[in-house]
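*Asks:* Before anything else, here's the structure in question.
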Amino acid sequence: MWLVLALAAALFQVLRNTTMKRLGHALDEYINVWGRFTFLLPFAFIACVVSGWPVCQTLSTLALSKALKLSEISLVTALWKVSLLILLAVGLTIGEWPSAMGVAGVLLSATGVYLLNVRSAKISLLAPLRVLFTDRGQRYTLLAALLYAPSVITIKKAILASNTAVGTFGPYFAASLIVTPLALTTSARHFRAVPRYWKEFIALGLFAALTTLSQGKAYTLTLSSYVEAVKQVEILYAMAIGVFAFGEGRRVRESALGALVMLLGMTLLALAT
């Protein structure tokens, strides 16, 4: 069951990121982050009503948004996967002891996504590491990765202390409160454009809510590092969209090795549980 939920979360995350990319170019990264957290709340609140009754997350999302604006998405995505390894270590603080097969699955998933990105972008294997010393965007990526793991643990603990809906609503309500003053300070001029992009903002909130609710439920069923590793299948979803919507078949063939390694990692994770 957790595997199905993680795969669903990955699909919703691709749709959320697609919407974020559109809004980020049309407006800016600050109001983009504000929209993600704020427009998620009505859907999370509905889930709270139906089911019965976070600083790291905010900073991580803002750092990732800045990284995507400053650097190539292939480099950002490849380096971002270090968050999987950090989460594997941070999970130990809440008693998440993965099996040897589980650790191998997480490592293979991270390696597969890394290979997928560096091969499809025709960059060297060391490029995502080398640019840490030369590229400002990559430093934001590393910061986002470092902050992401604690945010996952925070949300999981909130879910375990209440339920999936409340554990989603609470941290994101706090995140919205934190980022709203920042957005008002840096992006006040863009708030006038929110009604014009209301469909995008609602879609952003809906897909963000569905992502967190489905992955949150999966967190209660297995280790958070396992869930996040399986969610990397979002890259394959994105590749499929690229093939059918944008005719990017050549790029998919170039990425076959990374995809194969990633799928092998997911298989090990499924067997580990």
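Note on naming: chains are A, B, ... as they come in the structure tokens, residues start from 1 per chain, ligands start from 1 in the order shown.
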With 8 Å as the cut-off and only C-alpha atoms counted, what is the closest atom pair between each nearby residue of region 153-237 of chain A and region 26-42 of chain A? Distances in Å to one decimal, ordered by chain and number, as a tab-separated table.

*Replies:*
```
residue	atom	partner	partner_atom	distance
A:Phe169	CA	A:Leu41	CA	6.2
A:Tyr172	CA	A:Phe37	CA	5.8
A:Phe173	CA	A:Leu41	CA	6.7
A:Ala175	CA	A:Phe37	CA	6.6
A:Ser176	CA	A:Phe37	CA	5.2
A:Val179	CA	A:Trp34	CA	6.0
A:Thr180	CA	A:Trp34	CA	6.2
A:Leu182	CA	A:Tyr30	CA	7.5
A:Ala183	CA	A:Tyr30	CA	5.3
A:Thr186	CA	A:Tyr30	CA	7.1
A:Ser187	CA	A:Ile31	CA	6.3
A:His190	CA	A:Leu27	CA	6.3
A:Phe191	CA	A:Ile31	CA	7.6
A:Phe201	CA	A:Gly35	CA	6.1
A:Ile202	CA	A:Phe39	CA	6.1
A:Leu204	CA	A:Arg36	CA	5.8
A:Gly205	CA	A:Leu40	CA	3.9
A:Leu206	CA	A:Leu40	CA	6.0
A:Ala208	CA	A:Leu40	CA	6.1
A:Ala209	CA	A:Leu40	CA	5.2
```

*Asks:* For region 260-271 of chain A, list every protein, DNA or RNA residue within 9 Å, evaluated using only C-alpha atoms, and leave out those in the same chain fewer than 6 positions away; present the list as a compact mmCIF listing (two decimals) with C-alpha atoms, in the first residue's frame.

*Replies:*
```txt
# COMPACT_ATOMS: atom_id res chain seq x y z
CA LEU A 3 4.35 1.85 -2.54
CA MET A 101 18.43 -4.12 1.34
CA GLY A 102 16.57 -0.89 2.12
CA VAL A 103 19.81 1.10 2.29
CA ALA A 104 20.89 -0.42 -1.01
CA GLY A 105 17.54 0.51 -2.53
CA VAL A 106 17.80 4.15 -1.42
CA LEU A 107 21.39 4.41 -2.69
CA LEU A 108 20.48 2.86 -6.05
CA SER A 109 17.47 5.17 -6.42
CA ALA A 110 19.62 8.24 -5.75
CA THR A 111 22.34 7.00 -8.12
CA GLY A 112 19.80 6.26 -10.84
CA VAL A 113 18.31 9.76 -10.71
CA LEU A 115 22.85 9.23 -13.77
CA LEU A 116 19.56 10.02 -15.50
CA TYR A 226 11.91 4.53 1.53
CA ALA A 229 13.33 7.10 -2.66
CA VAL A 230 10.29 5.65 -4.46
CA GLN A 232 11.99 9.67 -7.45
CA VAL A 233 9.87 7.87 -10.05
```

*Asks:* Closest to Gly170 (chain A) among A:Ala44, A:Val118, A:Ala238, A:Ile94, using only C-alpha atoms?

*Replies:* A:Ala44

*Asks:* Neighbouring residues of region 151-166 of chain A were defined as those with any atom within 10 Å, considering only C-alpha atoms; residues of the same chain fewer than 5 positions away were excluded. Please report them as a PDB file with N, CA, C and O atoms, in the first residue's frame.

*Replies:*
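Full text of part-v8.pdb as output:
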```
ATOM      1  N   PHE A  43      -7.440  22.830   0.718  1.00  0.00           N
ATOM      2  CA  PHE A  43      -7.581  21.400   0.442  1.00  0.00           C
ATOM      3  C   PHE A  43      -7.178  20.560   1.653  1.00  0.00           C
ATOM      4  O   PHE A  43      -7.820  19.545   1.959  1.00  0.00           O
ATOM      5  N   ALA A  44      -6.127  20.984   2.356  1.00  0.00           N
ATOM      6  CA  ALA A  44      -5.728  20.271   3.566  1.00  0.00           C
ATOM      7  C   ALA A  44      -6.786  20.424   4.657  1.00  0.00           C
ATOM      8  O   ALA A  44      -7.056  19.482   5.413  1.00  0.00           O
ATOM      9  N   PHE A  45      -7.415  21.605   4.722  1.00  0.00           N
ATOM     10  CA  PHE A  45      -8.467  21.821   5.711  1.00  0.00           C
ATOM     11  C   PHE A  45      -9.667  20.927   5.444  1.00  0.00           C
ATOM     12  O   PHE A  45     -10.259  20.357   6.362  1.00  0.00           O
ATOM     13  N   ILE A  46     -10.033  20.790   4.156  1.00  0.00           N
ATOM     14  CA  ILE A  46     -11.137  19.895   3.799  1.00  0.00           C
ATOM     15  C   ILE A  46     -10.817  18.469   4.244  1.00  0.00           C
ATOM     16  O   ILE A  46     -11.669  17.755   4.787  1.00  0.00           O
ATOM     17  N   ALA A  47      -9.571  18.052   4.038  1.00  0.00           N
ATOM     18  CA  ALA A  47      -9.160  16.712   4.462  1.00  0.00           C
ATOM     19  C   ALA A  47      -9.259  16.566   5.976  1.00  0.00           C
ATOM     20  O   ALA A  47      -9.638  15.511   6.490  1.00  0.00           O
ATOM     21  N   CYS A  48      -8.945  17.638   6.708  1.00  0.00           N
ATOM     22  CA  CYS A  48      -9.068  17.610   8.168  1.00  0.00           C
ATOM     23  C   CYS A  48     -10.522  17.427   8.585  1.00  0.00           C
ATOM     24  O   CYS A  48     -10.827  16.654   9.498  1.00  0.00           O
ATOM     25  N   VAL A  49     -11.423  18.150   7.922  1.00  0.00           N
ATOM     26  CA  VAL A  49     -12.848  18.056   8.255  1.00  0.00           C
ATOM     27  C   VAL A  49     -13.374  16.657   7.959  1.00  0.00           C
ATOM     28  O   VAL A  49     -14.117  16.069   8.744  1.00  0.00           O
ATOM     29  N   VAL A  50     -12.963  16.113   6.817  1.00  0.00           N
ATOM     30  CA  VAL A  50     -13.450  14.792   6.421  1.00  0.00           C
ATOM     31  C   VAL A  50     -12.936  13.707   7.364  1.00  0.00           C
ATOM     32  O   VAL A  50     -13.676  12.805   7.756  1.00  0.00           O
ATOM     33  N   SER A  51     -11.657  13.796   7.736  1.00  0.00           N
ATOM     34  CA  SER A  51     -11.053  12.725   8.539  1.00  0.00           C
ATOM     35  C   SER A  51     -11.193  12.943  10.033  1.00  0.00           C
ATOM     36  O   SER A  51     -10.993  12.023  10.808  1.00  0.00           O
ATOM     37  N   GLY A  52     -11.598  14.145  10.437  1.00  0.00           N
ATOM     38  CA  GLY A  52     -11.639  14.451  11.856  1.00  0.00           C
ATOM     39  C   GLY A  52     -10.318  15.027  12.303  1.00  0.00           C
ATOM     40  O   GLY A  52      -9.257  14.645  11.862  1.00  0.00           O
ATOM     41  N   TRP A  53     -10.713  15.739  13.131  1.00  0.00           N
ATOM     42  CA  TRP A  53      -9.516  16.446  13.557  1.00  0.00           C
ATOM     43  C   TRP A  53      -8.472  15.487  14.132  1.00  0.00           C
ATOM     44  O   TRP A  53      -8.295  15.125  15.151  1.00  0.00           O
ATOM     45  N   PRO A  54       6.848  24.987  10.724  1.00  0.00           N
ATOM     46  CA  PRO A  54       7.797  24.207   9.895  1.00  0.00           C
ATOM     47  C   PRO A  54       8.765  25.116   9.164  1.00  0.00           C
ATOM     48  O   PRO A  54       8.631  25.412   7.992  1.00  0.00           O
ATOM     49  N   VAL A  55       9.595  25.552   9.807  1.00  0.00           N
ATOM     50  CA  VAL A  55      10.553  26.516   9.254  1.00  0.00           C
ATOM     51  C   VAL A  55      11.461  25.866   8.207  1.00  0.00           C
ATOM     52  O   VAL A  55      11.748  26.452   7.176  1.00  0.00           O
ATOM     53  N   CYS A  56      11.914  24.638   8.431  1.00  0.00           N
ATOM     54  CA  CYS A  56      12.802  23.951   7.492  1.00  0.00           C
ATOM     55  C   CYS A  56      12.142  23.802   6.134  1.00  0.00           C
ATOM     56  O   CYS A  56      12.780  23.978   5.091  1.00  0.00           O
ATOM     57  N   GLN A  57      10.869  23.480   6.113  1.00  0.00           N
ATOM     58  CA  GLN A  57      10.159  23.293   4.847  1.00  0.00           C
ATOM     59  C   GLN A  57      10.136  24.589   4.054  1.00  0.00           C
ATOM     60  O   GLN A  57      10.334  24.597   2.839  1.00  0.00           O
ATOM     61  N   THR A  58       9.897  25.708   4.735  1.00  0.00           N
ATOM     62  CA  THR A  58       9.848  27.006   4.063  1.00  0.00           C
ATOM     63  C   THR A  58      11.193  27.353   3.456  1.00  0.00           C
ATOM     64  O   THR A  58      11.299  27.724   2.275  1.00  0.00           O
ATOM     65  N   LEU A  59      12.252  27.254   4.243  1.00  0.00           N
ATOM     66  CA  LEU A  59      13.584  27.615   3.774  1.00  0.00           C
ATOM     67  C   LEU A  59      14.063  26.675   2.677  1.00  0.00           C
ATOM     68  O   LEU A  59      14.711  27.099   1.718  1.00  0.00           O
ATOM     69  N   SER A  60      13.744  25.391   2.802  1.00  0.00           N
ATOM     70  CA  SER A  60      14.149  24.427   1.779  1.00  0.00           C
ATOM     71  C   SER A  60      13.492  24.737   0.443  1.00  0.00           C
ATOM     72  O   SER A  60      14.149  24.736  -0.604  1.00  0.00           O
ATOM     73  N   LEU A  87      18.374  12.232   4.432  1.00  0.00           N
ATOM     74  CA  LEU A  87      17.164  11.730   5.075  1.00  0.00           C
ATOM     75  C   LEU A  87      17.399  10.351   5.675  1.00  0.00           C
ATOM     76  O   LEU A  87      16.881  10.027   6.746  1.00  0.00           O
ATOM     77  N   VAL A  90      19.135  11.170   8.923  1.00  0.00           N
ATOM     78  CA  VAL A  90      18.275  11.886   9.864  1.00  0.00           C
ATOM     79  C   VAL A  90      17.172  10.976  10.399  1.00  0.00           C
ATOM     80  O   VAL A  90      16.737  11.091  11.549  1.00  0.00           O
ATOM     81  N   GLY A  91      16.705  10.035   9.569  1.00  0.00           N
ATOM     82  CA  GLY A  91      15.655   9.115  10.002  1.00  0.00           C
ATOM     83  C   GLY A  91      16.045   8.309  11.226  1.00  0.00           C
ATOM     84  O   GLY A  91      15.178   7.882  12.002  1.00  0.00           O
ATOM     85  N   THR A  93      17.238   9.388  13.829  1.00  0.00           N
ATOM     86  CA  THR A  93      16.905  10.141  15.045  1.00  0.00           C
ATOM     87  C   THR A  93      15.508   9.839  15.557  1.00  0.00           C
ATOM     88  O   THR A  93      15.201  10.121  16.716  1.00  0.00           O
ATOM     89  N   ILE A  94      14.642   9.286  14.696  1.00  0.00           N
ATOM     90  CA  ILE A  94      13.292   8.910  15.150  1.00  0.00           C
ATOM     91  C   ILE A  94      13.117   7.390  15.112  1.00  0.00           C
ATOM     92  O   ILE A  94      11.998   6.887  15.048  1.00  0.00           O
ATOM     93  N   LEU A 146      19.902  20.000   2.293  1.00  0.00           N
ATOM     94  CA  LEU A 146      20.223  19.861   3.714  1.00  0.00           C
ATOM     95  C   LEU A 146      19.010  20.144   4.593  1.00  0.00           C
ATOM     96  O   LEU A 146      18.823  19.527   5.643  1.00  0.00           O
ATOM     97  N   PRO A 171       1.759  21.979   9.673  1.00  0.00           N
ATOM     98  CA  PRO A 171       3.060  22.477   9.225  1.00  0.00           C
ATOM     99  C   PRO A 171       2.966  23.451   8.056  1.00  0.00           C
ATOM    100  O   PRO A 171       3.714  24.431   7.996  1.00  0.00           O
ATOM    101  N   TYR A 172       2.041  23.206   7.132  1.00  0.00           N
ATOM    102  CA  TYR A 172       1.942  24.114   5.987  1.00  0.00           C
ATOM    103  C   TYR A 172       1.270  25.436   6.352  1.00  0.00           C
ATOM    104  O   TYR A 172       1.535  26.470   5.742  1.00  0.00           O
ATOM    105  N   ALA A 209      -1.256  19.633  -2.137  1.00  0.00           N
ATOM    106  CA  ALA A 209      -1.993  18.965  -1.065  1.00  0.00           C
ATOM    107  C   ALA A 209      -2.048  17.462  -1.298  1.00  0.00           C
ATOM    108  O   ALA A 209      -1.813  16.660  -0.378  1.00  0.00           O
ATOM    109  N   THR A 212       1.362  15.843  -0.540  1.00  0.00           N
ATOM    110  CA  THR A 212       1.691  15.702   0.873  1.00  0.00           C
ATOM    111  C   THR A 212       0.761  14.722   1.581  1.00  0.00           C
ATOM    112  O   THR A 212       1.196  13.964   2.454  1.00  0.00           O
ATOM    113  N   LEU A 213      -0.514  14.717   1.216  1.00  0.00           N
ATOM    114  CA  LEU A 213      -1.448  13.786   1.859  1.00  0.00           C
ATOM    115  C   LEU A 213      -1.123  12.334   1.515  1.00  0.00           C
ATOM    116  O   LEU A 213      -1.138  11.461   2.390  1.00  0.00           O
ATOM    117  N   SER A 214      -0.822  12.069   0.253  1.00  0.00           N
ATOM    118  CA  SER A 214      -0.519  10.691  -0.131  1.00  0.00           C
ATOM    119  C   SER A 214       0.820  10.237   0.418  1.00  0.00           C
ATOM    120  O   SER A 214       0.949   9.123   0.941  1.00  0.00           O
ATOM    121  N   GLN A 215       1.837  11.106   0.349  1.00  0.00           N
ATOM    122  CA  GLN A 215       3.119  10.699   0.901  1.00  0.00           C
ATOM    123  C   GLN A 215       3.053  10.644   2.423  1.00  0.00           C
ATOM    124  O   GLN A 215       3.705   9.801   3.049  1.00  0.00           O
ATOM    125  N   GLY A 216       2.235  11.506   3.025  1.00  0.00           N
ATOM    126  CA  GLY A 216       2.088  11.488   4.478  1.00  0.00           C
ATOM    127  C   GLY A 216       1.496  10.177   4.973  1.00  0.00           C
ATOM    128  O   GLY A 216       1.941   9.622   5.984  1.00  0.00           O
ATOM    129  N   LYS A 217       0.499   9.684   4.260  1.00  0.00           N
ATOM    130  CA  LYS A 217      -0.073   8.391   4.622  1.00  0.00           C
ATOM    131  C   LYS A 217       0.962   7.289   4.457  1.00  0.00           C
ATOM    132  O   LYS A 217       1.061   6.369   5.292  1.00  0.00           O
ATOM    133  N   ALA A 218       1.768   7.385   3.396  1.00  0.00           N
ATOM    134  CA  ALA A 218       2.823   6.394   3.181  1.00  0.00           C
ATOM    135  C   ALA A 218       3.857   6.433   4.307  1.00  0.00           C
ATOM    136  O   ALA A 218       4.386   5.387   4.714  1.00  0.00           O
ATOM    137  N   TYR A 219       4.139   7.645   4.831  1.00  0.00           N
ATOM    138  CA  TYR A 219       5.082   7.768   5.946  1.00  0.00           C
ATOM    139  C   TYR A 219       4.644   6.925   7.143  1.00  0.00           C
ATOM    140  O   TYR A 219       5.486   6.428   7.904  1.00  0.00           O
ATOM    141  N   THR A 220       3.343   6.820   7.346  1.00  0.00           N
ATOM    142  CA  THR A 220       2.849   6.072   8.518  1.00  0.00           C
ATOM    143  C   THR A 220       2.967   4.566   8.327  1.00  0.00           C
ATOM    144  O   THR A 220       2.800   3.810   9.291  1.00  0.00           O
ATOM    145  N   LEU A 223       9.311   3.447   6.337  1.00  0.00           N
ATOM    146  CA  LEU A 223      10.330   4.452   6.622  1.00  0.00           C
ATOM    147  C   LEU A 223      10.220   5.620   5.639  1.00  0.00           C
ATOM    148  O   LEU A 223       9.952   5.433   4.453  1.00  0.00           O
ATOM    149  N   SER A 224      10.434   6.827   6.155  1.00  0.00           N
ATOM    150  CA  SER A 224      10.324   8.016   5.305  1.00  0.00           C
ATOM    151  C   SER A 224      11.359   8.004   4.191  1.00  0.00           C
ATOM    152  O   SER A 224      11.091   8.492   3.085  1.00  0.00           O
ATOM    153  N   SER A 225      12.548   7.461   4.444  1.00  0.00           N
ATOM    154  CA  SER A 225      13.571   7.408   3.398  1.00  0.00           C
ATOM    155  C   SER A 225      13.147   6.493   2.264  1.00  0.00           C
ATOM    156  O   SER A 225      13.459   6.742   1.092  1.00  0.00           O
ATOM    157  N   GLU A 228      10.563   8.509   0.137  1.00  0.00           N
ATOM    158  CA  GLU A 228      11.198   9.537  -0.681  1.00  0.00           C
ATOM    159  C   GLU A 228      11.999   8.924  -1.825  1.00  0.00           C
ATOM    160  O   GLU A 228      12.084   9.506  -2.909  1.00  0.00           O
TER     161      GLU A 228
END
```

*Asks:* By how many Å are CA of Ile178 (chain A) and CA of Ser65 (chain A) apart?

*Replies:*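 CA of Ile178 (chain A) sits 16.0 Å away from CA of Ser65 (chain A).
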
*Asks:* Quick one: distance from CA of Ser71 (chain A) to CA of Thr141 (chain A) in Å, one decimal?

*Replies:* 9.2 Å

*Asks:* Mind giving me the straight-line distance from CA of Thr61 (chain A) to CA of Ala144 (chain A) in Å, one decimal?

*Replies:*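 Separation of CA of Thr61 (chain A) and CA of Ala144 (chain A): 6.7 Å.
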
*Asks:* For a quick check of understanding, using only C-alpha atoms, which of A:Met20, A:Val227, A:Ala63, A:Ala149 has the smallest distance to Val82 (chain A)?

*Replies:*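 Of A:Met20, A:Val227, A:Ala63, A:Ala149, the one nearest Val82 (chain A), counting only C-alpha atoms, is A:Ala149.
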
*Asks:* Please extract the residues of region 10-235 of chain A with a backbone DSSP assignment of alpha helix (DSSP H) and present them as a VMD selection string.

*Replies:* chain A and resid 10 to 26 29 to 51 55 to 70 73 to 80 82 to 90 100 to 120 127 to 130 136 to 161 164 to 186 198 to 219 224 to 230 234 to 235

*Asks:* Between A:Trp80, A:Gly95, A:Ala89, A:Tyr114, single out the one closest to Pro150 (chain A), counting only C-alpha atoms.

*Replies:* A:Ala89
